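Dumped coords_38.cif below, it's mmCIF, C-alpha atoms and all ligand atoms:
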```cif
data_start
#
loop_
_atom_site.label_atom_id
_atom_site.label_comp_id
_atom_site.auth_asym_id
_atom_site.auth_seq_id
_atom_site.Cartn_x
_atom_site.Cartn_y
_atom_site.Cartn_z
CA MET A 1 -14.01 69.44 90.83
CA THR A 2 -10.90 67.30 90.18
CA ALA A 3 -10.69 63.65 91.28
CA LEU A 4 -7.34 62.97 92.92
CA THR A 5 -5.96 59.47 93.54
CA PHE A 6 -3.83 59.56 96.67
CA THR A 7 -1.92 57.33 99.08
CA LYS A 8 -1.69 57.96 102.80
CA GLY A 9 1.69 57.24 104.41
CA HIS A 10 3.73 58.02 107.49
CA GLY A 11 7.21 57.88 109.00
CA THR A 12 7.12 57.37 112.80
CA GLY A 13 3.62 58.88 112.85
CA ASN A 14 4.48 62.01 110.83
CA ASP A 15 1.78 61.55 108.19
CA PHE A 16 1.41 62.62 104.59
CA VAL A 17 -0.98 62.55 101.65
CA LEU A 18 1.02 61.55 98.56
CA PHE A 19 -0.04 61.66 94.92
CA THR A 20 1.57 61.56 91.49
CA ASP A 21 1.42 64.50 89.10
CA PRO A 22 4.42 63.75 86.79
CA ASP A 23 4.00 66.80 84.55
CA GLY A 24 2.88 69.24 87.25
CA GLU A 25 -0.59 69.71 85.81
CA ILE A 26 -2.62 69.85 89.02
CA ASP A 27 -3.27 73.35 90.33
CA LEU A 28 -2.07 72.97 93.93
CA THR A 29 -3.36 75.87 95.99
CA PRO A 30 -2.93 76.47 99.73
CA GLU A 31 -6.71 76.00 100.04
CA ARG A 32 -6.52 72.54 98.44
CA ILE A 33 -3.59 71.56 100.68
CA ARG A 34 -5.49 72.66 103.80
CA PHE A 35 -8.49 70.59 102.63
CA LEU A 36 -6.37 67.45 102.06
CA CYS A 37 -4.72 67.81 105.48
CA ASP A 38 -7.94 68.55 107.38
CA ARG A 39 -8.54 65.62 109.76
CA ARG A 40 -12.32 66.25 109.89
CA PHE A 41 -13.36 67.61 106.51
CA GLY A 42 -10.58 66.12 104.36
CA ILE A 43 -8.18 63.14 104.54
CA GLY A 44 -6.00 64.38 107.39
CA ALA A 45 -2.20 64.69 107.42
CA ASP A 46 0.72 66.79 108.62
CA GLY A 47 1.68 67.52 105.02
CA VAL A 48 1.18 66.82 101.33
CA ILE A 49 3.82 65.38 98.98
CA ARG A 50 3.35 65.68 95.24
CA ALA A 51 5.49 63.35 93.10
CA VAL A 52 6.41 65.58 90.18
CA ARG A 53 9.23 65.27 87.65
CA SER A 54 12.04 67.76 88.34
CA ARG A 55 11.84 68.98 84.73
CA ALA A 56 8.15 69.88 85.20
CA ILE A 57 8.53 72.59 87.88
CA PRO A 58 10.73 75.70 88.04
CA GLU A 59 12.56 74.61 91.25
CA GLY A 60 13.58 71.41 89.46
CA ALA A 61 15.80 73.21 86.92
CA ASP A 62 18.48 73.96 89.56
CA ILE A 63 18.25 70.37 90.76
CA LEU A 64 18.84 68.87 87.32
CA ALA A 65 21.79 71.22 86.73
CA VAL A 66 23.49 69.71 89.82
CA GLU A 67 22.26 66.12 89.48
CA PRO A 68 20.73 65.07 86.14
CA GLU A 69 19.77 61.71 87.73
CA ALA A 70 17.35 63.40 90.16
CA GLU A 71 14.34 62.70 87.96
CA TRP A 72 11.75 63.07 90.75
CA PHE A 73 11.14 66.12 92.93
CA MET A 74 9.54 66.01 96.39
CA ASP A 75 7.03 68.87 96.26
CA TYR A 76 6.39 69.12 100.02
CA TRP A 77 3.64 71.29 101.57
CA ASN A 78 2.85 71.86 105.26
CA ALA A 79 -0.74 71.34 106.47
CA ASP A 80 -1.36 75.11 106.61
CA GLY A 81 -0.73 75.45 102.86
CA THR A 82 2.87 76.74 103.01
CA VAL A 83 5.77 75.03 101.26
CA ALA A 84 8.88 73.90 103.14
CA GLU A 85 12.40 73.27 101.91
CA MET A 86 12.76 69.77 103.32
CA CYS A 87 11.02 67.00 105.24
CA GLY A 88 13.19 64.21 106.67
CA ASN A 89 10.37 61.76 107.39
CA GLY A 90 8.64 62.77 104.17
CA VAL A 91 11.63 61.98 101.97
CA ARG A 92 11.74 58.38 103.25
CA VAL A 93 7.98 57.93 102.79
CA TYR A 94 8.26 59.54 99.34
CA THR A 95 11.00 57.06 98.34
CA HIS A 96 8.84 54.17 99.53
CA TYR A 97 5.90 55.57 97.52
CA LEU A 98 7.97 56.00 94.32
CA ILE A 99 9.11 52.37 94.57
CA ALA A 100 5.59 51.06 95.38
CA GLU A 101 4.13 52.97 92.42
CA GLY A 102 6.82 51.60 90.11
CA LEU A 103 8.05 55.11 89.31
CA VAL A 104 11.64 54.18 90.24
CA ALA A 105 13.23 50.75 90.23
CA PRO A 106 16.40 50.90 92.32
CA GLU A 107 18.46 47.73 92.61
CA GLY A 108 19.34 46.10 95.97
CA SER A 109 20.71 48.70 98.36
CA ASP A 110 20.93 51.45 95.78
CA THR A 111 20.99 55.21 96.33
CA LEU A 112 18.22 57.36 94.89
CA PRO A 113 18.88 61.08 94.31
CA LEU A 114 15.74 63.21 94.79
CA GLY A 115 15.06 66.88 94.21
CA THR A 116 13.86 69.00 97.15
CA ARG A 117 13.65 72.74 97.76
CA ALA A 118 16.78 72.33 99.94
CA GLY A 119 18.71 70.79 97.02
CA VAL A 120 19.44 67.20 95.98
CA ARG A 121 19.05 64.59 98.73
CA ASP A 122 20.42 61.04 98.37
CA VAL A 123 18.33 58.26 99.88
CA LEU A 124 19.97 54.91 100.62
CA ILE A 125 17.50 52.07 100.24
CA GLY A 126 18.28 49.38 102.80
CA ALA A 127 16.71 46.07 103.80
CA SER A 128 15.14 47.48 106.97
CA GLY A 129 14.41 51.08 106.07
CA TYR A 130 15.71 54.21 104.43
CA THR A 131 18.64 56.50 105.22
CA VAL A 132 18.68 60.01 103.82
CA ASP A 133 21.82 62.12 103.62
CA LEU A 134 20.54 65.51 104.80
CA GLY A 135 23.75 67.11 103.57
CA ARG A 136 25.69 69.86 105.28
CA TRP A 137 24.20 71.52 108.33
CA ARG A 138 24.96 74.86 109.94
CA LEU A 139 24.52 76.66 113.24
CA ALA A 140 22.00 79.51 113.22
CA PRO A 141 21.37 82.28 115.78
CA GLU A 142 20.27 81.51 119.35
CA ARG A 143 16.74 82.53 120.36
CA LEU A 144 14.67 82.57 123.53
CA VAL A 145 11.85 80.02 123.44
CA ALA A 146 8.60 80.52 125.37
CA ALA A 147 6.00 77.73 125.45
CA THR A 148 2.94 76.87 127.54
CA GLY A 149 4.16 74.69 130.40
CA LEU A 150 7.55 76.41 130.72
CA ALA A 151 7.69 78.81 133.69
CA VAL A 152 10.27 81.04 131.99
CA PRO A 153 11.62 81.29 128.41
CA ARG A 154 14.63 79.06 127.70
CA PRO A 155 17.58 79.57 125.36
CA GLY A 156 17.29 77.69 122.08
CA LEU A 157 20.01 76.88 119.56
CA GLY A 158 19.31 77.53 115.88
CA ILE A 159 20.23 74.66 113.54
CA ASP A 160 19.69 74.64 109.78
CA VAL A 161 19.50 71.23 108.08
CA GLY A 162 17.97 72.58 104.89
CA ASN A 163 14.99 73.88 106.86
CA PRO A 164 15.15 75.96 110.07
CA HIS A 165 15.03 74.59 113.62
CA VAL A 166 15.44 75.92 117.16
CA VAL A 167 16.35 73.32 119.79
CA THR A 168 15.80 73.77 123.53
CA VAL A 169 16.96 71.39 126.23
CA LEU A 170 14.61 70.83 129.18
CA ALA A 171 15.38 69.63 132.70
CA ASP A 172 13.79 66.18 132.69
CA ASP A 173 11.03 63.89 131.40
CA ALA A 174 8.44 65.56 133.66
CA GLU A 175 9.14 68.96 132.12
CA LEU A 176 9.03 67.52 128.58
CA ASP A 177 5.79 65.63 129.24
CA GLY A 178 4.26 68.69 130.94
CA LEU A 179 4.57 70.90 127.86
CA LYS A 180 1.27 71.95 126.28
CA LEU A 181 2.17 72.33 122.63
CA VAL A 182 -1.30 73.49 121.59
CA SER A 183 -0.08 76.88 120.41
CA GLU A 184 3.04 77.96 118.58
CA PRO A 185 6.06 78.56 120.87
CA ALA A 186 7.18 82.22 120.79
CA LEU A 187 10.74 82.84 119.58
CA GLU A 188 12.71 85.96 120.52
CA PRO A 189 13.97 87.40 118.25
CA ALA A 190 11.39 85.97 115.84
CA PRO A 191 12.94 84.42 112.70
CA ALA A 192 11.62 86.03 109.50
CA ASP A 193 10.62 82.67 107.97
CA GLY A 194 9.59 80.96 111.21
CA ALA A 195 11.17 77.77 112.54
CA ASN A 196 10.39 74.29 113.77
CA VAL A 197 10.90 74.12 117.54
CA GLU A 198 12.27 71.01 119.26
CA PHE A 199 12.28 70.28 123.00
CA VAL A 200 14.76 67.61 124.12
CA VAL A 201 15.90 65.74 127.22
CA PRO A 202 18.66 63.15 127.65
CA ALA A 203 17.48 59.55 128.07
CA GLU A 204 18.67 57.53 131.05
CA PRO A 205 21.48 56.52 130.46
CA LEU A 206 22.48 59.04 127.79
CA LEU A 207 25.22 56.81 126.36
CA LYS A 208 24.73 53.13 125.54
CA ASN A 209 27.14 51.15 123.31
CA GLY A 210 28.58 54.31 121.77
CA VAL A 211 25.14 55.71 120.85
CA ALA A 212 23.66 58.77 122.56
CA HIS A 213 19.93 58.56 123.38
CA ILE A 214 17.60 61.54 123.67
CA ARG A 215 13.82 62.16 123.79
CA MET A 216 12.17 64.91 121.75
CA ARG A 217 8.85 66.67 121.21
CA VAL A 218 8.36 69.11 118.36
CA PHE A 219 6.12 71.95 117.26
CA GLU A 220 6.43 72.06 113.48
CA ARG A 221 6.29 75.27 111.49
CA GLY A 222 3.12 75.29 109.42
CA VAL A 223 1.67 72.22 111.18
CA GLY A 224 1.60 72.19 115.01
CA GLU A 225 2.74 69.42 117.35
CA THR A 226 3.48 66.28 115.34
CA LEU A 227 4.35 62.74 116.44
CA SER A 228 7.74 63.05 114.76
CA CYS A 229 9.95 65.35 112.70
CA GLY A 230 12.94 63.83 110.90
CA THR A 231 14.88 67.01 110.24
CA GLY A 232 13.97 68.02 113.82
CA ALA A 233 15.53 64.80 115.17
CA ALA A 234 18.73 65.57 113.24
CA ALA A 235 18.73 69.16 114.56
CA ALA A 236 18.14 67.93 118.14
CA ALA A 237 21.06 65.49 117.96
CA LEU A 238 23.33 68.15 116.43
CA ALA A 239 22.38 70.68 119.14
CA PHE A 240 22.92 68.15 121.93
CA ARG A 241 26.33 67.18 120.54
CA HIS A 242 27.21 70.90 120.27
CA TRP A 243 26.36 71.41 123.95
CA GLY A 244 27.99 68.14 125.07
CA GLY A 245 31.35 68.81 123.43
CA GLU A 246 34.13 66.47 122.36
CA GLN A 247 33.04 63.41 124.36
CA MET A 248 29.72 63.18 122.49
CA PRO A 249 29.47 60.47 119.79
CA ASN A 250 28.34 60.84 116.18
CA SER A 251 25.61 58.18 116.47
CA TRP A 252 22.31 59.19 118.03
CA SER A 253 18.97 57.60 118.75
CA VAL A 254 16.07 60.06 119.00
CA GLU A 255 12.83 58.89 120.63
CA VAL A 256 9.78 60.82 119.45
CA PRO A 257 6.12 60.20 120.38
CA GLY A 258 5.69 58.17 117.15
CA GLY A 259 8.78 55.93 117.41
CA LYS A 260 12.56 56.07 117.07
CA LEU A 261 14.88 57.66 114.51
CA ALA A 262 18.63 57.24 114.06
CA VAL A 263 20.90 60.18 113.30
CA ARG A 264 24.56 60.01 112.31
CA MET A 265 27.14 62.70 111.63
CA PHE A 266 29.95 61.84 109.21
CA ALA A 267 32.83 63.57 107.44
CA THR A 268 32.78 64.21 103.69
CA GLU A 269 35.14 66.08 101.37
CA GLU A 270 32.90 69.16 101.49
CA GLY A 271 32.46 69.13 105.29
CA GLU A 272 30.35 67.27 107.83
CA HIS A 273 27.02 65.77 106.75
CA VAL A 274 24.19 64.44 108.88
CA SER A 275 22.03 61.45 107.98
CA LEU A 276 18.63 60.25 109.18
CA SER A 277 17.38 56.64 109.22
CA GLY A 278 13.94 55.29 110.01
CA PRO A 279 10.88 53.48 108.78
CA ALA A 280 8.40 54.46 106.08
CA GLU A 281 4.87 53.04 105.80
CA LEU A 282 2.12 53.33 103.22
CA VAL A 283 -1.26 52.82 104.87
CA TYR A 284 -4.05 53.12 102.30
CA SER A 285 -5.00 54.59 98.94
CA GLY A 286 -8.18 56.25 97.73
CA THR A 287 -9.74 58.93 95.60
CA VAL A 288 -10.90 62.34 96.75
CA GLU A 289 -12.65 65.22 95.00
CA LEU A 290 -10.50 68.35 95.24
CA PRO A 291 -12.48 71.53 95.88
N1 LIG A 301 8.07 66.76 109.30
C1 LIG A 301 9.21 67.15 108.56
C2 LIG A 301 9.45 68.63 108.44
C3 LIG A 301 8.37 69.27 107.59
C4 LIG A 301 8.63 70.72 107.25
C5 LIG A 301 8.58 71.63 108.44
N2 LIG A 301 7.27 71.69 109.04
C6 LIG A 301 9.05 73.03 108.00
O1 LIG A 301 8.21 73.91 107.76
O2 LIG A 301 10.27 73.21 107.89
C7 LIG A 301 10.42 66.31 108.84
O3 LIG A 301 10.24 65.11 109.09
O4 LIG A 301 11.54 66.78 108.69
#
```
Can I see the file as structure tokens?
Ligand SMILES: N[C@@H](CCC[C@H](N)C(=O)O)C(=O)O
Amino acid sequence: MTALTFTKGHGTGNDFVLFTDPDGEIDLTPERIRFLCDRRFGIGADGVIRAVRSRAIPEGADILAVEPEAEWFMDYWNADGTVAEMCGNGVRVYTHYLIAEGLVAPEGSDTLPLGTRAGVRDVLIGASGYTVDLGRWRLAPERLVAATGLAVPRPGLGIDVGNPHVVTVLADDAELDGLKLVSEPALEPAPADGANVEFVVPAEPLLKNGVAHIRMRVFERGVGETLSCGTGAAAAALAFRHWGGEQMPNSWSVEVPGGKLAVRMFATEEGEHVSLSGPAELVYSGTVELP
């Protein structure tokens, strides 16, 4: 048995167990992750985030070659014990945790570079929350999406923001609210590594003060339906803008069951980036015996 000191946190209801293992000494197994995320037999969370120094794990070597300042790596695991490349809500909560634990001490509205399996991600620390630059995004293949509550499969647009997403637009609020996301939506053709699946509808009105407003529900790869998915919100806004064409803005507000997230697309020298802003909360800390 190993005693683990953890903190529970969330970003718009997407919840995580976080702990510090600077030198990567804890043997993290899928079984241990499933235990930590179990809402009845463990702590309960959508995912686990280990704070580990980039130099302490193999994936960190590539990170440090690109950005020597990225001292900390977000070792993110889904509740089913699989690892994922990126977590948009998780990276904000992770930043908040690193600051609260005194592991980083950024000044004022500084930017913190963090290692992730999707590469280096810069987090801007603001007075009212965190903004993460999710980097470049790309279109991925279209797929048919079948889910309980949908009479017929719908076309879904593939979007990669470091991790894979398929976004489907539904007719209206009633159709979105009528979905039963108790089992994994079926994708045709099935992506080899799976995907997070987002269902979106426009809000009424869609455009307000130059910002486009949409509502979203999500079935996360390796988790199930969650109250929010940050990278999913970015993918949903990107897909909607793709469908909407030139008249669509670059500022988006995405309402999820757990709150609201802001997404912005902006030009950089290497191509268009997408950013995600939202809250991050730490709720409680404790100790648990790992099996
Ligand atoms: N909740 C996250 C995404 C977590 C990873 C995802 N389930 C995957 O497997 O890609 C977010 O806020 O982005």
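Reported to one decimal place, the separation of CA of Phe199 in chain A from CA of Glu175 in chain A is 9.7 Å.
Proximity ranking of A:Met248, A:Val211, A:Val123, A:Val218 relative to ligand LIG 301 (chain A) places A:Val218 first, based on all atoms listed in the file.
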Considering only C-alpha atoms and all ligand atoms, give me a table of residues in chain A that are at most 7 Å from ligand LIG 301 (chain A), with the closest atom pair and distance in Å for each, as a Markdown table.
```
| residue | atom | partner | partner_atom | distance |
| --- | --- | --- | --- | --- |
| A:Asn14 | CA | A:LIG301 | N1 | 6.1 |
| A:Asn78 | CA | A:LIG301 | N2 | 5.8 |
| A:Ala84 | CA | A:LIG301 | O1 | 4.7 |
| A:Glu85 | CA | A:LIG301 | O2 | 6.3 |
| A:Met86 | CA | A:LIG301 | C4 | 5.8 |
| A:Cys87 | CA | A:LIG301 | O4 | 3.5 |
| A:Gly88 | CA | A:LIG301 | O4 | 3.7 |
| A:Asn89 | CA | A:LIG301 | O3 | 3.8 |
| A:Gly90 | CA | A:LIG301 | O3 | 5.7 |
| A:Asn163 | CA | A:LIG301 | O2 | 4.9 |
| A:Pro164 | CA | A:LIG301 | O2 | 6.0 |
| A:Ala195 | CA | A:LIG301 | O2 | 6.6 |
| A:Asn196 | CA | A:LIG301 | O2 | 6.0 |
| A:Glu220 | CA | A:LIG301 | N2 | 4.5 |
| A:Arg221 | CA | A:LIG301 | O1 | 4.4 |
| A:Gly222 | CA | A:LIG301 | N2 | 5.5 |
| A:Val223 | CA | A:LIG301 | N2 | 6.0 |
| A:Ser228 | CA | A:LIG301 | O3 | 6.5 |
| A:Cys229 | CA | A:LIG301 | O3 | 3.6 |
| A:Gly230 | CA | A:LIG301 | O3 | 3.5 |
| A:Thr231 | CA | A:LIG301 | O4 | 3.7 |
| A:Gly232 | CA | A:LIG301 | O4 | 5.8 |
```
Residues from the last selection, C-alpha atoms, saved as a PDB file, in the frame of the given file:
```pdb
ATOM      1  CA  ASN A  14       4.480  62.010 110.830  1.00  0.00           C
ATOM      2  CA  ASN A  78       2.850  71.860 105.260  1.00  0.00           C
ATOM      3  CA  ALA A  84       8.880  73.900 103.140  1.00  0.00           C
ATOM      4  CA  GLU A  85      12.400  73.270 101.910  1.00  0.00           C
ATOM      5  CA  MET A  86      12.760  69.770 103.320  1.00  0.00           C
ATOM      6  CA  CYS A  87      11.020  67.000 105.240  1.00  0.00           C
ATOM      7  CA  GLY A  88      13.190  64.210 106.670  1.00  0.00           C
ATOM      8  CA  ASN A  89      10.370  61.760 107.390  1.00  0.00           C
ATOM      9  CA  GLY A  90       8.640  62.770 104.170  1.00  0.00           C
ATOM     10  CA  ASN A 163      14.990  73.880 106.860  1.00  0.00           C
ATOM     11  CA  PRO A 164      15.150  75.960 110.070  1.00  0.00           C
ATOM     12  CA  ALA A 195      11.170  77.770 112.540  1.00  0.00           C
ATOM     13  CA  ASN A 196      10.390  74.290 113.770  1.00  0.00           C
ATOM     14  CA  GLU A 220       6.430  72.060 113.480  1.00  0.00           C
ATOM     15  CA  ARG A 221       6.290  75.270 111.490  1.00  0.00           C
ATOM     16  CA  GLY A 222       3.120  75.290 109.420  1.00  0.00           C
ATOM     17  CA  VAL A 223       1.670  72.220 111.180  1.00  0.00           C
ATOM     18  CA  SER A 228       7.740  63.050 114.760  1.00  0.00           C
ATOM     19  CA  CYS A 229       9.950  65.350 112.700  1.00  0.00           C
ATOM     20  CA  GLY A 230      12.940  63.830 110.900  1.00  0.00           C
ATOM     21  CA  THR A 231      14.880  67.010 110.240  1.00  0.00           C
ATOM     22  CA  GLY A 232      13.970  68.020 113.820  1.00  0.00           C
TER      23      GLY A 232
END
```
Find the distance between CA of Gln247 in chain A and CA of Lys260 in chain A and write it in Å to one decimal.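 Computing it gives 22.9 Å between the two atoms.
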So which residues touch range 102-105 of chain A within 10 Å, counting all atoms listed in the file, skipping near sequence neighbours fewer than 3 positions away, as a PyMOL selection string? chain A and resi 20+22+51+71-72+95-99+108+110+112
The residues within 8 Å of (6.4, 56.2, 109.1), using all atoms listed in the file and the coordinates of the file, should be reported as a ChimeraX atom specification; which are they? /A:9-15,89,93,278-282
Restricting it to C-alpha atoms, dump the selection as a PDB file, keeping the file's coordinate frame.
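Generated output (out37.pdb):
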```
ATOM      1  CA  GLY A   9       1.690  57.240 104.410  1.00  0.00           C
ATOM      2  CA  HIS A  10       3.730  58.020 107.490  1.00  0.00           C
ATOM      3  CA  GLY A  11       7.210  57.880 109.000  1.00  0.00           C
ATOM      4  CA  THR A  12       7.120  57.370 112.800  1.00  0.00           C
ATOM      5  CA  GLY A  13       3.620  58.880 112.850  1.00  0.00           C
ATOM      6  CA  ASN A  14       4.480  62.010 110.830  1.00  0.00           C
ATOM      7  CA  ASP A  15       1.780  61.550 108.190  1.00  0.00           C
ATOM      8  CA  ASN A  89      10.370  61.760 107.390  1.00  0.00           C
ATOM      9  CA  VAL A  93       7.980  57.930 102.790  1.00  0.00           C
ATOM     10  CA  GLY A 278      13.940  55.290 110.010  1.00  0.00           C
ATOM     11  CA  PRO A 279      10.880  53.480 108.780  1.00  0.00           C
ATOM     12  CA  ALA A 280       8.400  54.460 106.080  1.00  0.00           C
ATOM     13  CA  GLU A 281       4.870  53.040 105.800  1.00  0.00           C
ATOM     14  CA  LEU A 282       2.120  53.330 103.220  1.00  0.00           C
TER      15      LEU A 282
END
```
Atom-to-atom span, CA of Pro141 in chain A and CA of Glu255 in chain A, Å: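 Computing the Euclidean distance for CA of Pro141 in chain A and CA of Glu255 in chain A yields 25.4 Å.
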Polymer residues at most 9 Å from range 45-48 of chain A, all atoms listed in the file, same-chain spacing of 5 or more positions, as a count of residues only: 27
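With only C-alpha atoms as the atoms that count, the minimum distance from Phe73 in chain A to the choices A:Ser183, A:Thr111, A:Thr116, A:Ser277 is reached by A:Thr116.
Selection around (6.2, 73.9, 120.7) with radius 8 Å, counting only C-alpha atoms, yields the residues A:Ala147, A:Leu179, A:Lys180, A:Leu181, A:Val182, A:Ser183, A:Glu184, A:Pro185, A:Val197, A:Glu198, A:Phe199, A:Arg217, A:Val218, A:Phe219, A:Glu220, A:Gly224, A:Glu225.
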C-alpha atoms of the current selection, written as a PDB file, keeping the file's coordinate frame:
```pdb
ATOM      1  CA  ALA A 147       6.000  77.730 125.450  1.00  0.00           C
ATOM      2  CA  LEU A 179       4.570  70.900 127.860  1.00  0.00           C
ATOM      3  CA  LYS A 180       1.270  71.950 126.280  1.00  0.00           C
ATOM      4  CA  LEU A 181       2.170  72.330 122.630  1.00  0.00           C
ATOM      5  CA  VAL A 182      -1.300  73.490 121.590  1.00  0.00           C
ATOM      6  CA  SER A 183      -0.080  76.880 120.410  1.00  0.00           C
ATOM      7  CA  GLU A 184       3.040  77.960 118.580  1.00  0.00           C
ATOM      8  CA  PRO A 185       6.060  78.560 120.870  1.00  0.00           C
ATOM      9  CA  VAL A 197      10.900  74.120 117.540  1.00  0.00           C
ATOM     10  CA  GLU A 198      12.270  71.010 119.260  1.00  0.00           C
ATOM     11  CA  PHE A 199      12.280  70.280 123.000  1.00  0.00           C
ATOM     12  CA  ARG A 217       8.850  66.670 121.210  1.00  0.00           C
ATOM     13  CA  VAL A 218       8.360  69.110 118.360  1.00  0.00           C
ATOM     14  CA  PHE A 219       6.120  71.950 117.260  1.00  0.00           C
ATOM     15  CA  GLU A 220       6.430  72.060 113.480  1.00  0.00           C
ATOM     16  CA  GLY A 224       1.600  72.190 115.010  1.00  0.00           C
ATOM     17  CA  GLU A 225       2.740  69.420 117.350  1.00  0.00           C
TER      18      GLU A 225
END
```
Skipping near chain neighbours, those fewer than 3 positions away, what residues fall within 12 Å of Glu269 in chain A using all atoms listed in the file, listed as a PyMOL selection string? chain A and resi 135-136+266+272-273
All residues 12 Å or closer to Ile159 in chain A, all atoms listed in the file, same chain fewer than 5 positions away omitted, as a ChimeraX atom specification: /A:136-143,164-168,195-198,231-242,274
Can you tell me which residues surround Leu206 in chain A at a distance of at most 10 Å, considering all atoms listed in the file, apart from same-chain residues fewer than 5 positions away, and format the answer as an mmCIF file with C-alpha atoms, in the coordinates of the input?
```cif
data_model
loop_
_atom_site.group_PDB
_atom_site.id
_atom_site.type_symbol
_atom_site.label_atom_id
_atom_site.label_comp_id
_atom_site.auth_asym_id
_atom_site.auth_seq_id
_atom_site.Cartn_x
_atom_site.Cartn_y
_atom_site.Cartn_z
ATOM 1 C CA VAL A 201 15.900 65.740 127.220
ATOM 2 C CA VAL A 211 25.140 55.710 120.850
ATOM 3 C CA ALA A 212 23.660 58.770 122.560
ATOM 4 C CA HIS A 213 19.930 58.560 123.380
ATOM 5 C CA ILE A 214 17.600 61.540 123.670
ATOM 6 C CA MET A 248 29.720 63.180 122.490
ATOM 7 C CA TRP A 252 22.310 59.190 118.030
ATOM 8 C CA SER A 253 18.970 57.600 118.750
#
```
Which residue out of A:Ala174, A:Ala127, A:Asp122, A:Gly194 has the minimum interatomic distance to Gly158 in chain A when all atoms listed in the file are used? A:Gly194
Which one is closest to Arg53 in chain A: A:Val91, A:Leu114, A:Ala3, A:Ala171? Count only C-alpha atoms.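 Ranked by minimum distance to Arg53 in chain A, first place goes to A:Leu114.
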Pick from A:Met74, A:Asp27, A:Gly162, A:Val66, whichever lies nearest to Ile49 in chain A using all atoms listed in the file: A:Met74
What would range 254-268 of chain A look like with N, CA and C atoms in place, written as a tab-separated table (two decimals), in the coordinates of the input?
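Saved result, out31.tsv, follows:
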```
chain	number	residue	atom	x	y	z
A	254	VAL	N	17.00	59.01	118.56
A	254	VAL	CA	16.07	60.06	119.00
A	254	VAL	C	14.68	59.44	119.14
A	255	GLU	N	14.18	59.43	120.39
A	255	GLU	CA	12.83	58.89	120.63
A	255	GLU	C	11.83	60.04	120.52
A	256	VAL	N	10.85	59.83	119.66
A	256	VAL	CA	9.78	60.82	119.45
A	256	VAL	C	8.46	60.13	119.82
A	257	PRO	N	7.37	60.88	119.99
A	257	PRO	CA	6.12	60.20	120.38
A	257	PRO	C	5.70	59.09	119.42
A	258	GLY	N	6.11	59.18	118.14
A	258	GLY	CA	5.69	58.17	117.15
A	258	GLY	C	6.70	57.06	116.91
A	259	GLY	N	7.80	57.02	117.63
A	259	GLY	CA	8.78	55.93	117.41
A	259	GLY	C	10.20	56.40	117.62
A	260	LYS	N	11.12	55.76	116.89
A	260	LYS	CA	12.56	56.07	117.07
A	260	LYS	C	13.22	56.35	115.73
A	261	LEU	N	14.11	57.31	115.71
A	261	LEU	CA	14.88	57.66	114.51
A	261	LEU	C	16.36	57.60	114.85
A	262	ALA	N	17.17	57.26	113.85
A	262	ALA	CA	18.63	57.24	114.06
A	262	ALA	C	19.26	58.38	113.27
A	263	VAL	N	20.21	59.04	113.91
A	263	VAL	CA	20.90	60.18	113.30
A	263	VAL	C	22.40	59.91	113.38
A	264	ARG	N	23.10	60.23	112.31
A	264	ARG	CA	24.56	60.01	112.31
A	264	ARG	C	25.25	61.19	111.65
A	265	MET	N	26.34	61.64	112.24
A	265	MET	CA	27.14	62.70	111.63
A	265	MET	C	28.38	62.04	111.04
A	266	PHE	N	28.77	62.46	109.84
A	266	PHE	CA	29.95	61.84	109.21
A	266	PHE	C	30.67	62.85	108.32
A	267	ALA	N	32.00	62.62	108.20
A	267	ALA	CA	32.83	63.57	107.44
A	267	ALA	C	32.73	63.29	105.95
A	268	THR	N	32.70	64.35	105.15
A	268	THR	CA	32.78	64.21	103.69
A	268	THR	C	33.81	65.23	103.20
```
